[in-house]
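S.K.: protein-v3.txt is reproduced below (compact mmCIF, C-alpha atoms).
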# COMPACT_ATOMS: atom_id res chain seq x y z
CA MET A 144 -4.61 5.14 12.80
CA VAL A 145 -4.23 6.86 9.44
CA ALA A 146 -3.14 4.16 7.03
CA ASN A 147 -5.76 1.72 8.27
CA ASP A 148 -8.58 4.24 8.00
CA PRO A 149 -10.86 3.09 5.15
CA ARG A 150 -11.58 6.65 4.01
CA PHE A 151 -7.87 7.43 3.79
CA ALA A 152 -7.10 4.20 1.93
CA GLU A 153 -9.92 4.70 -0.57
CA LEU A 154 -8.87 8.26 -1.35
CA VAL A 155 -5.26 7.23 -1.78
CA LYS A 156 -6.21 4.41 -4.13
CA ARG A 157 -8.55 6.58 -6.17
CA ASP A 158 -6.71 9.88 -6.44
CA PHE A 159 -3.02 9.31 -5.65
CA VAL A 160 0.02 7.22 -6.35
CA ALA A 161 1.28 5.80 -3.05
CA VAL A 162 4.92 5.46 -2.00
CA ALA A 163 6.19 3.97 1.25
CA ALA A 164 9.89 4.60 1.79
CA SER A 165 12.33 5.63 4.48
CA ASP A 166 13.43 9.19 5.17
CA VAL A 167 16.52 7.75 6.87
CA ASP A 168 17.48 5.91 3.69
CA TYR A 169 17.22 9.08 1.61
CA ALA A 170 19.19 11.06 4.19
CA HIS A 171 22.02 8.53 4.26
CA VAL A 172 22.11 7.07 0.77
CA ALA A 173 25.61 7.33 -0.64
CA ASP A 174 24.68 9.08 -3.87
CA GLN A 175 23.20 12.36 -2.68
CA ASP A 176 23.47 13.79 -6.18
CA ALA A 177 21.18 11.26 -7.82
CA TRP A 178 18.12 12.78 -9.45
CA GLU A 179 15.73 10.91 -7.14
CA THR A 180 17.57 11.94 -3.98
CA ARG A 181 17.65 15.57 -5.07
CA TRP A 182 13.91 15.42 -5.85
CA VAL A 183 13.13 14.23 -2.32
CA ARG A 184 15.55 16.66 -0.68
CA ASP A 185 14.32 19.63 -2.73
CA LEU A 186 10.67 18.70 -2.11
CA LEU A 187 11.20 18.83 1.64
CA ALA A 188 13.70 21.67 1.75
CA ASN A 189 11.03 24.03 3.02
CA ALA A 190 9.04 21.51 5.01
CA GLU A 191 8.80 22.10 8.73
CA HIS A 192 11.56 19.65 9.63
CA GLY A 193 13.26 19.25 6.24
CA LEU A 194 13.95 15.68 5.18
CA PHE A 195 12.18 13.98 8.04
CA GLN A 196 9.58 11.34 8.64
CA GLY A 197 6.05 12.24 7.66
CA ILE A 198 3.24 11.68 5.19
CA TYR A 199 3.79 14.17 2.39
CA LEU A 200 1.62 15.05 -0.60
CA ALA A 201 3.43 16.13 -3.75
CA THR A 202 3.17 16.64 -7.46
CA PRO A 203 5.42 14.67 -9.81
CA SER A 204 7.08 18.00 -10.62
CA GLY A 205 8.19 18.28 -7.00
CA VAL A 206 5.73 20.78 -5.50
CA LEU A 207 4.82 20.02 -1.91
CA LEU A 208 1.03 20.07 -1.66
CA GLY A 209 0.76 19.44 2.05
CA ARG A 210 1.09 16.85 4.80
CA ALA A 211 -1.36 14.21 5.91
CA ASP A 212 0.10 13.42 9.33
CA GLY A 213 -1.69 15.97 11.49
CA GLY A 214 -2.59 15.40 15.10
CA TRP A 215 0.75 14.13 16.37
CA PRO A 216 1.39 12.20 18.54
CA THR A 217 -1.89 10.41 17.86
CA TYR A 218 -2.41 10.97 14.18
CA ASP A 219 -5.94 11.93 13.23
CA PRO A 220 -7.39 10.28 10.12
CA ALA A 221 -9.94 13.08 9.75
CA ILE A 222 -7.07 15.55 9.34
CA ALA A 223 -5.38 13.21 6.89
CA VAL A 224 -8.52 12.82 4.79
CA ARG A 225 -8.99 16.60 4.67
CA ALA A 226 -5.36 17.01 3.64
CA LEU A 227 -5.83 14.53 0.80
CA ALA A 228 -8.92 16.35 -0.42
CA ASP A 229 -7.17 19.73 -0.23
CA ALA A 230 -4.17 18.37 -2.10
CA SER A 231 -6.40 16.90 -4.80
CA ARG A 232 -8.15 20.22 -5.31
CA ARG A 233 -4.88 22.10 -5.48
CA TYR A 234 -3.43 19.58 -7.89
CA ALA A 235 -6.47 19.88 -10.15
CA SER A 236 -6.15 23.65 -10.16
CA MET A 237 -2.53 23.58 -11.32
CA SER A 238 -1.51 23.79 -14.93
CA LYS A 239 0.03 20.75 -16.56
CA GLU A 240 3.37 22.55 -16.64
CA GLU A 241 3.18 23.14 -12.89
CA ARG A 242 2.13 19.67 -11.78
CA LEU A 243 4.07 17.45 -14.17
CA LEU A 244 7.69 17.09 -15.18
CA GLU A 245 8.73 17.92 -18.68
CA HIS A 246 10.26 14.45 -18.93
CA ALA A 247 9.72 11.49 -16.67
CA PRO A 248 12.82 10.31 -14.82
CA ASP A 249 14.67 7.31 -16.15
CA PRO A 250 14.86 4.48 -13.63
CA ALA A 251 18.05 3.27 -15.28
CA THR A 252 19.97 6.47 -14.59
CA ASP A 253 18.03 8.59 -12.08
CA ARG A 254 17.66 6.27 -9.11
CA GLY A 255 19.05 7.29 -5.76
CA LEU A 256 17.73 4.38 -3.82
CA ALA A 257 17.72 0.81 -5.04
CA PRO A 258 14.30 -0.81 -4.74
CA PRO A 259 14.30 -3.14 -1.75
CA ASP A 260 14.87 -6.79 -2.52
CA ASP A 261 11.96 -8.49 -0.84
CA ARG A 262 12.91 -12.01 -1.82
CA VAL A 263 13.65 -14.56 0.86
CA PRO A 264 17.41 -15.27 0.66
CA ALA A 265 18.39 -18.72 -0.56
CA GLY A 266 18.50 -21.26 2.21
CA ARG A 267 16.26 -19.27 4.51
CA LEU A 268 12.63 -19.39 5.50
CA ARG A 269 10.57 -16.36 6.39
CA LEU A 270 8.60 -16.09 9.60
CA GLU A 271 5.88 -13.45 9.35
CA ALA A 272 4.90 -12.12 12.73
CA THR A 273 2.29 -9.97 14.37
CA LYS A 274 2.68 -8.60 17.88
CA ARG A 275 0.28 -6.93 20.30
CA THR A 276 0.70 -5.93 23.92
CA LYS A 277 -1.72 -6.62 26.72
CA PRO A 278 -3.31 -3.65 28.47
CA PHE A 279 -0.95 -2.09 31.02
CA ARG A 280 -1.10 0.57 33.70
CA GLY A 281 -1.10 4.13 32.41
CA MET A 282 -1.04 3.16 28.74
CA SER A 283 -1.63 5.82 26.10
CA THR A 284 -2.58 5.53 22.46
CA ALA A 285 0.39 7.79 21.68
CA ASP A 286 2.66 4.94 22.79
CA VAL A 287 3.25 2.23 20.22
CA ARG A 288 3.00 -0.24 23.09
CA HIS A 289 -0.72 0.45 23.41
CA PRO A 290 -2.67 -2.72 22.57
CA GLN A 291 -4.71 -0.97 19.92
CA HIS A 292 -1.57 -1.09 17.76
CA VAL A 293 -0.74 -4.35 16.07
CA HIS A 294 2.85 -4.64 14.88
CA PHE A 295 3.93 -6.46 11.75
CA ASP A 296 7.38 -7.94 11.45
CA ARG A 297 9.27 -10.69 9.73
CA VAL A 298 12.55 -12.50 10.05
CA ASP A 299 14.37 -14.80 7.65
CA VAL A 300 15.97 -17.71 9.47
CA PRO A 301 18.21 -20.49 8.16
CA ALA A 302 15.99 -23.26 6.82
CA GLU A 303 18.11 -25.91 8.51
CA MET A 304 17.37 -24.40 11.92
CA LEU A 305 13.66 -24.96 11.46
CA ARG A 306 14.26 -28.35 9.86
CA ALA A 307 16.26 -29.29 12.97
CA LEU A 308 13.09 -28.94 15.03
CA VAL A 309 11.96 -32.28 13.61
CA PRO A 310 13.37 -35.15 15.72
CA GLU A 311 15.29 -37.83 13.88
CA ARG A 312 12.96 -40.58 15.07
CA LEU A 313 9.51 -39.77 13.80
CA VAL A 314 7.56 -41.32 16.66
CA ALA A 315 5.17 -39.74 19.14
CA GLY A 316 7.00 -38.45 22.17
CA ALA A 317 10.36 -37.92 20.45
CA GLU A 318 11.91 -34.59 21.34
CA VAL A 319 14.65 -32.32 20.10
CA GLU A 320 16.08 -29.07 21.37
CA ALA A 321 16.29 -26.13 18.97
CA ASP A 322 19.60 -24.58 18.01
CA PRO A 323 19.99 -21.84 20.67
CA HIS A 324 21.11 -19.42 18.00
CA LEU A 325 17.62 -19.57 16.47
CA LEU A 326 16.20 -17.73 19.47
CA PHE A 327 18.92 -15.11 19.23
CA LEU A 328 18.01 -14.50 15.58
CA LEU A 329 14.42 -13.92 16.64
CA ALA A 330 15.46 -11.64 19.51
CA GLU A 331 17.89 -9.79 17.28
CA ALA A 332 14.99 -9.07 14.96
CA SER A 333 13.09 -7.63 17.94
CA LEU A 334 10.40 -10.24 17.51
CA PHE A 335 9.49 -10.26 21.20
CA GLN A 336 8.68 -6.57 21.61
CA PRO A 337 6.61 -3.92 19.84
CA GLU A 338 9.54 -1.94 18.42
CA CYS A 339 13.18 -2.40 17.48
CA SER A 340 16.16 -2.36 19.80
CA VAL A 341 19.59 -3.90 20.06
CA TRP A 342 20.20 -7.27 21.72
CA ARG A 343 23.49 -9.13 22.03
CA GLU A 344 23.61 -12.90 22.04
CA GLU A 345 25.21 -13.01 25.50
CA GLU A 346 22.24 -11.05 26.84
CA LEU A 347 19.98 -14.06 26.38
CA VAL A 348 20.37 -15.41 29.91
CA ARG A 349 17.88 -18.24 29.51
CA ARG A 350 16.76 -19.78 26.26
CA SER A 351 15.23 -23.08 25.34
CA LEU A 352 12.86 -24.32 22.72
CA THR A 353 11.86 -27.97 22.64
CA ALA A 354 9.99 -29.60 19.80
CA ARG A 355 8.06 -32.76 20.68
CA ILE A 356 6.22 -35.05 18.32
CA VAL A 357 2.58 -35.20 19.34
CA SER A 358 1.38 -37.61 16.69
CA VAL A 359 2.33 -39.22 13.41
CA ASP A 360 -0.42 -39.81 10.89
CA ALA A 361 0.77 -41.13 7.54
CA ASP A 362 3.00 -38.37 6.17
CA ARG A 363 1.91 -35.77 8.75
CA VAL A 364 4.13 -35.36 11.78
CA VAL A 365 2.50 -33.03 14.31
CA LEU A 366 4.88 -31.13 16.57
CA ALA A 367 4.38 -29.05 19.70
CA LEU A 368 6.89 -26.35 20.64
CA ASP A 369 7.57 -25.24 24.19
CA GLY A 370 10.26 -23.06 25.68
CA HIS A 371 11.51 -20.14 27.72
CA LEU A 372 13.35 -16.95 26.96
CA ALA A 373 14.87 -14.42 29.35
CA MET A 374 17.00 -11.47 28.25
CA ARG A 375 18.86 -8.74 30.15
CA ALA A 376 20.29 -6.00 27.96
CA GLU A 377 23.53 -4.38 29.03
CA ASN A 378 24.67 -2.89 25.74
CA GLU A 379 24.83 0.87 25.51
CA TRP A 380 21.90 1.17 23.12
CA ASN A 381 19.45 -0.92 25.12
CA ARG A 382 20.77 -0.85 28.68
CA GLY A 383 18.24 -1.93 31.27
CA ALA A 384 15.79 -3.53 28.86
CA SER A 385 14.65 -7.01 29.74
CA TYR A 386 12.34 -9.78 28.64
CA ASP A 387 10.91 -12.81 30.42
CA GLY A 388 8.65 -14.98 28.40
CA ARG A 389 7.24 -18.35 27.51
CA LEU A 390 7.47 -19.75 24.02
CA GLY A 391 5.24 -22.19 22.25
CA GLY A 392 3.89 -23.28 18.94
CA ARG A 393 2.73 -26.07 16.72
CA ALA A 394 3.86 -27.39 13.39
CA VAL A 395 3.06 -30.05 10.87
CA TRP A 396 6.02 -31.67 9.15
CA ASN A 397 5.32 -33.47 5.91
CA ARG A 398 7.85 -36.27 5.84
CA ARG A 399 7.01 -37.26 2.30
CA TYR A 400 7.95 -33.90 0.86
CA GLU A 401 10.32 -32.95 3.70
CA ARG A 402 8.79 -29.59 4.36
CA PHE A 403 6.50 -27.93 6.85
CA ASP A 404 2.85 -27.92 5.88
CA ALA A 405 2.27 -25.50 8.75
CA PHE A 406 4.42 -23.76 11.33
CA GLU A 407 3.22 -21.47 14.09
CA PHE A 408 5.40 -19.92 16.78
CA VAL A 409 3.99 -17.94 19.70
CA ALA A 410 5.44 -16.08 22.67
CA LEU A 411 3.97 -14.32 25.64
CA GLY A 412 6.35 -12.38 27.81
CA ALA A 413 7.01 -9.26 29.83
CA HIS A 414 9.14 -6.68 28.06
CA THR A 415 10.70 -3.82 29.99
CA LEU A 416 11.86 -0.66 28.25
CA ARG A 417 15.50 0.35 28.36
CA GLU A 418 16.40 2.87 31.07
CA SER A 419 16.81 5.81 28.71
CA GLU A 420 13.34 5.29 27.24
CA ARG A 421 11.34 4.94 30.44
CA ARG A 422 11.04 8.66 31.13
CA ASN A 423 9.77 9.26 27.61
CA ARG A 424 6.85 6.88 27.85
CA PRO A 425 3.60 7.18 29.72
CA GLY A 426 2.58 4.26 31.85
CA ALA A 427 4.38 1.26 33.21
CA PRO A 428 7.82 0.46 31.78
CA THR A 429 6.89 -3.22 31.60
CA CYS A 430 4.10 -4.73 29.56
CA ASP A 431 3.23 -8.19 28.33
CA VAL A 432 3.61 -8.83 24.63
CA ALA A 433 1.84 -11.54 22.65
CA VAL A 434 3.62 -12.69 19.49
CA HIS A 435 2.34 -14.92 16.71
CA ALA A 436 4.57 -15.91 13.81
CA VAL A 437 3.83 -18.22 10.92
CA LEU A 438 5.96 -19.64 8.17
CA GLY A 439 5.50 -17.67 4.99
CA ALA A 440 5.20 -19.15 1.55
CA GLN A 441 8.06 -21.52 0.89
CA PRO A 442 9.69 -21.11 -2.50
CA PRO A 443 10.08 -24.35 -4.43
CA GLY A 444 13.28 -26.03 -3.40
CA GLU A 445 13.66 -23.95 -0.24
CA GLY A 446 11.43 -25.92 2.08
CA SER A 447 14.32 -27.66 3.75
CA GLN A 448 17.52 -29.38 2.76
CA GLY A 449 16.95 -28.03 -0.70
CA SER A 450 14.75 -31.00 -1.51
CA ALA A 451 11.20 -29.74 -1.11
CA ALA A 452 10.10 -29.87 -4.69
CA ASP A 453 6.62 -28.82 -5.68
CA PRO A 454 4.41 -31.74 -4.62
CA ALA A 455 2.31 -31.31 -7.74
CA ARG A 456 5.32 -32.17 -9.87
CA ARG A 457 6.08 -35.28 -7.85
CA ARG A 458 2.78 -36.97 -8.37
CA MET B 297 15.93 -8.16 9.94
CA ALA B 298 18.80 -10.29 11.07
CA SER B 299 20.84 -9.44 8.01
CA LEU B 300 19.93 -5.78 8.39
CA ARG B 301 21.41 -5.70 11.85
CA ARG B 302 24.66 -7.07 10.62
CA THR B 303 25.11 -4.23 8.18
CA VAL B 304 23.70 -1.19 9.97
CA PRO B 305 25.57 0.43 12.89
CA PRO B 306 23.72 0.13 16.20
CA THR B 307 23.50 3.90 16.55
CA ALA B 308 21.62 4.09 13.28
CA LEU B 309 19.36 1.29 14.43
CA VAL B 310 18.42 3.15 17.57
CA ALA B 311 17.59 6.24 15.55
CA ARG B 312 15.58 4.09 13.19
CA ALA B 313 13.79 2.44 16.07
CA VAL B 314 12.53 5.81 17.22
CA ALA B 315 11.30 6.57 13.74
CA ALA B 316 9.78 3.14 13.47
CA ALA B 317 7.91 3.62 16.69
CA VAL B 318 6.09 6.57 15.25
CA ALA B 319 5.60 4.89 11.90
CA ILE B 320 4.08 1.78 13.32
CA ALA B 321 1.78 3.79 15.49
CA VAL B 322 0.46 5.35 12.33
CA ALA B 323 0.58 2.26 10.21
CA SER B 324 -1.33 0.04 12.50
CA GLY B 325 -3.77 0.12 15.29
CA SER B 326 -7.40 -0.38 15.85
CA THR B 327 -9.65 0.21 18.76
CA ALA B 328 -11.65 -2.84 17.79
CA GLY B 329 -11.20 -6.11 19.57
CA ILE B 330 -9.19 -5.15 22.63
CA ALA B 331 -11.88 -6.44 24.91
CA GLY B 332 -12.80 -9.39 22.71
CA PRO B 333 -13.02 -12.84 24.24
CA ALA B 334 -9.66 -14.02 22.94
CA ARG B 335 -7.91 -10.90 24.17
CA CYS B 336 -9.44 -11.26 27.62
CA ALA B 337 -8.39 -14.88 27.70
CA VAL B 338 -4.78 -13.93 27.09
CA ALA B 339 -4.93 -11.07 29.53
CA GLN B 340 -6.05 -13.43 32.26
CA GLU B 341 -3.76 -16.23 31.27
CA ARG B 342 -0.58 -15.20 33.03
CA THR B 343 -0.76 -16.23 36.63
CA ALA B 344 1.75 -17.09 39.32
CA ASP B 345 2.37 -20.52 37.85
CA ALA B 346 2.22 -19.38 34.23
CA ASP B 347 5.95 -19.93 33.91
CA GLU B 348 5.51 -23.66 33.64
CA ALA B 349 2.16 -23.83 31.88
CA PRO B 350 2.36 -24.39 28.11
CA LEU B 351 1.06 -21.50 26.11
CA ASP B 352 -2.35 -21.65 24.52
CA VAL B 353 -1.24 -21.22 20.92
CA ALA B 354 -4.73 -20.53 19.57
CA ALA B 355 -5.48 -17.87 22.20
CA ILE B 356 -2.21 -16.04 21.61
CA ALA B 357 -2.63 -16.24 17.86
CA ALA B 358 -6.11 -14.79 18.17
CA TYR B 359 -4.89 -11.99 20.42
CA ALA B 360 -1.89 -10.99 18.32
CA ALA B 361 -3.55 -11.42 14.96
CA PRO B 362 -4.47 -8.28 13.03
CA SER B 363 -8.11 -7.41 12.62
CA ALA B 364 -9.56 -6.67 9.20
CA ARG B 365 -9.25 -2.98 10.07
CA ASP B 366 -5.57 -3.43 10.86
CA LEU B 367 -5.02 -4.67 7.31
CA VAL B 368 -6.77 -1.88 5.42
CA HIS B 369 -3.44 -0.28 4.49
CA ARG B 370 -2.49 -3.41 2.57
CA SER B 371 -5.25 -2.73 0.06
CA VAL B 372 -3.12 0.18 -1.21
CA ASP B 373 -0.48 -0.55 -3.85
CA TRP B 374 2.47 1.10 -2.09
CA LEU B 375 5.49 1.60 -4.34
CA PRO B 376 8.90 1.18 -2.70
CA THR B 377 10.77 4.30 -3.82
CA ALA B 378 10.04 7.92 -4.65
CA LEU B 379 11.35 7.35 -8.17
CA ASP B 380 8.87 4.56 -8.82
CA GLY B 381 6.13 6.81 -7.49
CA ILE B 382 7.16 9.77 -9.62
CA VAL B 383 7.23 7.65 -12.78
CA ALA B 384 3.78 6.21 -12.03
CA ALA B 385 2.29 9.55 -10.99
CA GLN B 386 3.68 11.29 -14.07
CA ALA B 387 2.07 8.64 -16.29
CA ALA B 388 -1.26 8.74 -14.45
CA ASP B 389 -1.23 12.51 -13.92
CA LYS B 390 -1.89 12.07 -10.21
CA PRO B 391 -0.34 13.52 -7.07
CA ILE B 392 1.83 11.39 -4.80
CA VAL B 393 1.37 10.28 -1.21
CA LEU B 394 4.94 10.00 0.04
CA TRP B 395 4.96 7.96 3.24
CA LEU B 396 8.40 8.52 4.71
CA TYR B 397 9.15 6.41 7.74
CA PHE B 398 11.53 3.69 8.70
CA GLY B 399 9.05 0.91 9.16
CA GLY B 400 6.24 1.81 6.85
CA PRO B 401 2.87 0.25 6.21
CA LEU B 402 4.46 -2.62 4.30
CA GLY B 403 5.44 -4.37 7.52
CA ASP B 404 9.11 -4.52 6.66
CA CYS B 405 10.48 -2.98 9.81
Could you render the structure as structure tokens?
M.R.:
Amino acid sequence: MVANDPRFAELVKRDFVAVAASDVDYAHVADQDAWETRWVRDLLANAEHGLFQGIYLATPSGVLLGRADGGWPTYDPAIAVRALADASRRYASMSKEERLLEHAPDPATDRGLAPPDDRVPAGRLRLEATKRTKPFRGMSTADVRHPQHVHFDRVDVPAEMLRALVPERLVAGAEVEADPHLLFLLAEASLFQPECSVWREEELVRRSLTARIVSVDADRVVLALDGHLAMRAENEWNRGASYDGRLGGRAVWNRRYERFDAFEFVALGAHTLRESERRNRPGAPTCDVAVHAVLGAQPPGEGSQGSAADPARRR
Amino acid sequence: MASLRRTVPPTALVARAVAAAVAIAVASGSTAGIAGPARCAVAQERTADADEAPLDVAAIAAYAAPSARDLVHRSVDWLPTALDGIVAAQAADKPIVLWLYFGGPLGDC
């Protein structure tokens, strides 16, 4: 409700340099003496909660100008926009010596946190997902399960697991069952619920995903996905959580280039919060969650079997 | 995500999940479209015999898909570490917005 506010985004783009990182990473990074880690820790030493999650406004020299996350638990973009404006004014009123460092840090020697490697690992394909709940009894906008919140997620799965969804015989009606471990990888990545929690493979009490060829038209093999997933968490971090859902999807396999031209996976299921979380949340402990995941861009050679070369080069 | 869970202790994950819950609530969300036709269709879709009915892929995709408003945060060039931000801000002589959450607006939770 803050980051997707157009006024907030425009001010950030115009007047600030934006950083999105994790307070947990800075709190637990091994090298607590690195220049970057000390800068973050010193910046927040006098903040209300110290090194803690929040939207902070700072000078490069390490002066805390304010916070833009007012209105908790439902953050108010109007407060955030005012905070940005106030910080800009204060920054402009500071001398160069106050607002800037004498020397810029050296990324080669001053890093505390390695930049995240966003590349898809070799041999894997990335599913990019969005998730949104259906309206439920007693829901509140302060709860991330409220349907006004859309959740972004992604999971990198072994390419051969998706490739195995294509039946050997490329004829209409041919079917194949997915590797059961594929559904665990999706569950492990919390793909079926708004937020993260811990699932063990043995807690998937029912899982199936069938791919059936709907039609074959020249090189295009059209597939329909259909399945079920039921989970009952018993591990100490997620005890009492459950999920009961239907799975589906559609895909187009290009048999000439041995890669998916399109791949969509959907799920609709009832997710129940773990026991320890139920008293902390307003509304019903169970809500239905709609999930839509698509195959991200496939790097050359990673489409499947390591043979999906760029079609343009094969002409 | 799968690889993350193999390397991070479950206790840390639970703590991160709490942080992520707050972060996502900030990072996303729109009041637009809840009552839109596709959303209503999904809301009414689950019935007593829904267990055996194939899912309507298009309806679920439409319901779960982000609106244009949901994607506003992606118009910002978010840098991944404080150090990268400090270097850029020092060069541009600008202040820094330091978004500190596990599960930020980049959708990498």
S.K.: Provide the CA of Ser351 in chain A to CA of Ala427 in chain A distance in Å, to one decimal place.
M.R.: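 Computing the Euclidean distance for CA of Ser351 in chain A and CA of Ala427 in chain A yields 27.8 Å.
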S.K.: Hey, can you check how far CA of Ala384 in chain B sits from CA of Arg210 in chain A?
M.R.: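 For CA of Ala384 in chain B relative to CA of Arg210 in chain A, the distance reads 20.1 Å.
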S.K.: As an exercise, work out the distance from CA of Gly383 in chain A to CA of Asp431 in chain A in Å and give it to one decimal place.
M.R.: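 Taking CA of Gly383 in chain A and CA of Asp431 in chain A, their separation equals 16.5 Å.
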S.K.: Return the single residue from A:Asp362, A:Asp229, A:Glu318, A:Glu338 that is closest to chain B, with distances computed using all atoms listed in the file.
M.R.: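 Nearest candidate to chain B out of A:Asp362, A:Asp229, A:Glu318, A:Glu338: A:Glu338.
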S.K.: Can you list, as an mmCIF file with C-alpha atoms, keeping the file's coordinate frame, every protein, DNA or RNA residue that comes within 10 Å of Ile356 in chain A when you count all atoms listed in the file, leaving out same-chain residues fewer than 3 positions away?
M.R.:
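Heads up, here's the output in part.cif:
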data_model
loop_
_atom_site.group_PDB
_atom_site.id
_atom_site.type_symbol
_atom_site.label_atom_id
_atom_site.label_comp_id
_atom_site.auth_asym_id
_atom_site.auth_seq_id
_atom_site.Cartn_x
_atom_site.Cartn_y
_atom_site.Cartn_z
ATOM 1 C CA LEU A 308 13.090 -28.940 15.030
ATOM 2 C CA VAL A 309 11.960 -32.280 13.610
ATOM 3 C CA PRO A 310 13.370 -35.150 15.720
ATOM 4 C CA ARG A 312 12.960 -40.580 15.070
ATOM 5 C CA LEU A 313 9.510 -39.770 13.800
ATOM 6 C CA VAL A 314 7.560 -41.320 16.660
ATOM 7 C CA ALA A 315 5.170 -39.740 19.140
ATOM 8 C CA GLY A 316 7.000 -38.450 22.170
ATOM 9 C CA ALA A 317 10.360 -37.920 20.450
ATOM 10 C CA GLU A 318 11.910 -34.590 21.340
ATOM 11 C CA VAL A 319 14.650 -32.320 20.100
ATOM 12 C CA VAL A 359 2.330 -39.220 13.410
ATOM 13 C CA VAL A 364 4.130 -35.360 11.780
ATOM 14 C CA VAL A 365 2.500 -33.030 14.310
ATOM 15 C CA LEU A 366 4.880 -31.130 16.570
ATOM 16 C CA ALA A 367 4.380 -29.050 19.700
ATOM 17 C CA LEU A 368 6.890 -26.350 20.640
ATOM 18 C CA ARG A 393 2.730 -26.070 16.720
ATOM 19 C CA ALA A 394 3.860 -27.390 13.390
ATOM 20 C CA VAL A 395 3.060 -30.050 10.870
ATOM 21 C CA TRP A 396 6.020 -31.670 9.150
#
S.K.: Nearest to chain B among A:Ser204, A:Gln175, A:Thr284, A:Gln291, with distances taken over all atoms listed in the file: which residue is it?
M.R.: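 Of the candidates, the smallest distance to chain B is held by A:Gln291.
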S.K.: Env of Glu407 in chain A: 10 Å cut, atoms = only C-alpha atoms, seq-sep filter 4 positions within chain, self excluded. Answer as a PyMOL selection string.
M.R.: (chain A and resi 270-272+367-368+391-395+435-438) or (chain B and resi 353-354+357)
S.K.: Calculated over all atoms listed in the file, which of the candidates A:Ala321, A:Cys339, A:Ala177, A:Ala307 has the smallest distance to chain B?
M.R.: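 When distances to chain B are compared using all atoms listed in the file, the smallest one comes from A:Cys339.
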S.K.: Please return as an MDAnalysis selection string every residue within 8 Å of (20.2, 9.7, -2.6), taking into account all atoms listed in the file and the file's own coordinates.
M.R.: chainID A and resid 168:181 254:256
S.K.: Nearest residue to chain B out of A:Glu240, A:Asp360, A:Glu331, A:Glu320, using only C-alpha atoms?
M.R.: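 When distances to chain B are compared using only C-alpha atoms, the smallest one comes from A:Glu331.
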S.K.: Using only C-alpha atoms for the distances, tell me which of A:Arg225, A:Asp286, A:Ile198, A:Leu347 is nearest to Asn423 in chain A.
M.R.: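 Looking only at the distances to Asn423 in chain A, the closest residue turns out to be A:Asp286.
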S.K.: Show which residues sit within 8 Å of Arg150 in chain A, as a list of chain:residue names. Count all atoms listed in the file, and ignore same-chain residues fewer than 3 positions away.
M.R.: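 The residues that qualify are A:Glu153, A:Leu154, A:Val224.
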S.K.: So, counting all atoms listed in the file, which residue among B:Asp380, B:Ala388, B:Leu394, B:Asp373 is closest to Gly197 in chain A?
M.R.: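 The closest residue to Gly197 in chain A is B:Leu394.
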S.K.: Complete the atoms of range 367-378 of chain B to N, CA and C atoms and put them out as a PDB file, keeping the file's coordinate frame.
M.R.:
ATOM      1  N   LEU B 367      -5.610  -4.312   8.599  1.00  0.00           N
ATOM      2  CA  LEU B 367      -5.020  -4.670   7.310  1.00  0.00           C
ATOM      3  C   LEU B 367      -5.480  -3.783   6.151  1.00  0.00           C
ATOM      4  N   VAL B 368      -6.254  -2.748   6.485  1.00  0.00           N
ATOM      5  CA  VAL B 368      -6.770  -1.880   5.420  1.00  0.00           C
ATOM      6  C   VAL B 368      -5.640  -1.295   4.577  1.00  0.00           C
ATOM      7  N   HIS B 369      -4.529  -0.929   5.222  1.00  0.00           N
ATOM      8  CA  HIS B 369      -3.440  -0.280   4.490  1.00  0.00           C
ATOM      9  C   HIS B 369      -2.856  -1.188   3.409  1.00  0.00           C
ATOM     10  N   ARG B 370      -3.057  -2.492   3.562  1.00  0.00           N
ATOM     11  CA  ARG B 370      -2.490  -3.410   2.570  1.00  0.00           C
ATOM     12  C   ARG B 370      -3.311  -3.457   1.288  1.00  0.00           C
ATOM     13  N   SER B 371      -4.461  -2.796   1.306  1.00  0.00           N
ATOM     14  CA  SER B 371      -5.250  -2.730   0.060  1.00  0.00           C
ATOM     15  C   SER B 371      -4.667  -1.677  -0.889  1.00  0.00           C
ATOM     16  N   VAL B 372      -3.749  -0.856  -0.386  1.00  0.00           N
ATOM     17  CA  VAL B 372      -3.120   0.180  -1.210  1.00  0.00           C
ATOM     18  C   VAL B 372      -1.869  -0.405  -1.871  1.00  0.00           C
ATOM     19  N   ASP B 373      -1.657  -0.072  -3.124  1.00  0.00           N
ATOM     20  CA  ASP B 373      -0.480  -0.550  -3.850  1.00  0.00           C
ATOM     21  C   ASP B 373       0.678   0.422  -3.576  1.00  0.00           C
ATOM     22  N   TRP B 374       1.375   0.211  -2.469  1.00  0.00           N
ATOM     23  CA  TRP B 374       2.470   1.100  -2.090  1.00  0.00           C
ATOM     24  C   TRP B 374       3.699   0.780  -2.945  1.00  0.00           C
ATOM     25  N   LEU B 375       4.257   1.780  -3.571  1.00  0.00           N
ATOM     26  CA  LEU B 375       5.490   1.600  -4.340  1.00  0.00           C
ATOM     27  C   LEU B 375       6.683   1.835  -3.405  1.00  0.00           C
ATOM     28  N   PRO B 376       7.827   1.197  -3.697  1.00  0.00           N
ATOM     29  CA  PRO B 376       8.900   1.180  -2.700  1.00  0.00           C
ATOM     30  C   PRO B 376       9.866   2.356  -2.731  1.00  0.00           C
ATOM     31  N   THR B 377       9.849   3.158  -3.781  1.00  0.00           N
ATOM     32  CA  THR B 377      10.770   4.300  -3.820  1.00  0.00           C
ATOM     33  C   THR B 377      10.054   5.521  -4.398  1.00  0.00           C
ATOM     34  N   ALA B 378      10.607   6.691  -4.092  1.00  0.00           N
ATOM     35  CA  ALA B 378      10.040   7.920  -4.650  1.00  0.00           C
ATOM     36  C   ALA B 378      10.102   7.892  -6.171  1.00  0.00           C
TER      37      ALA B 378
END
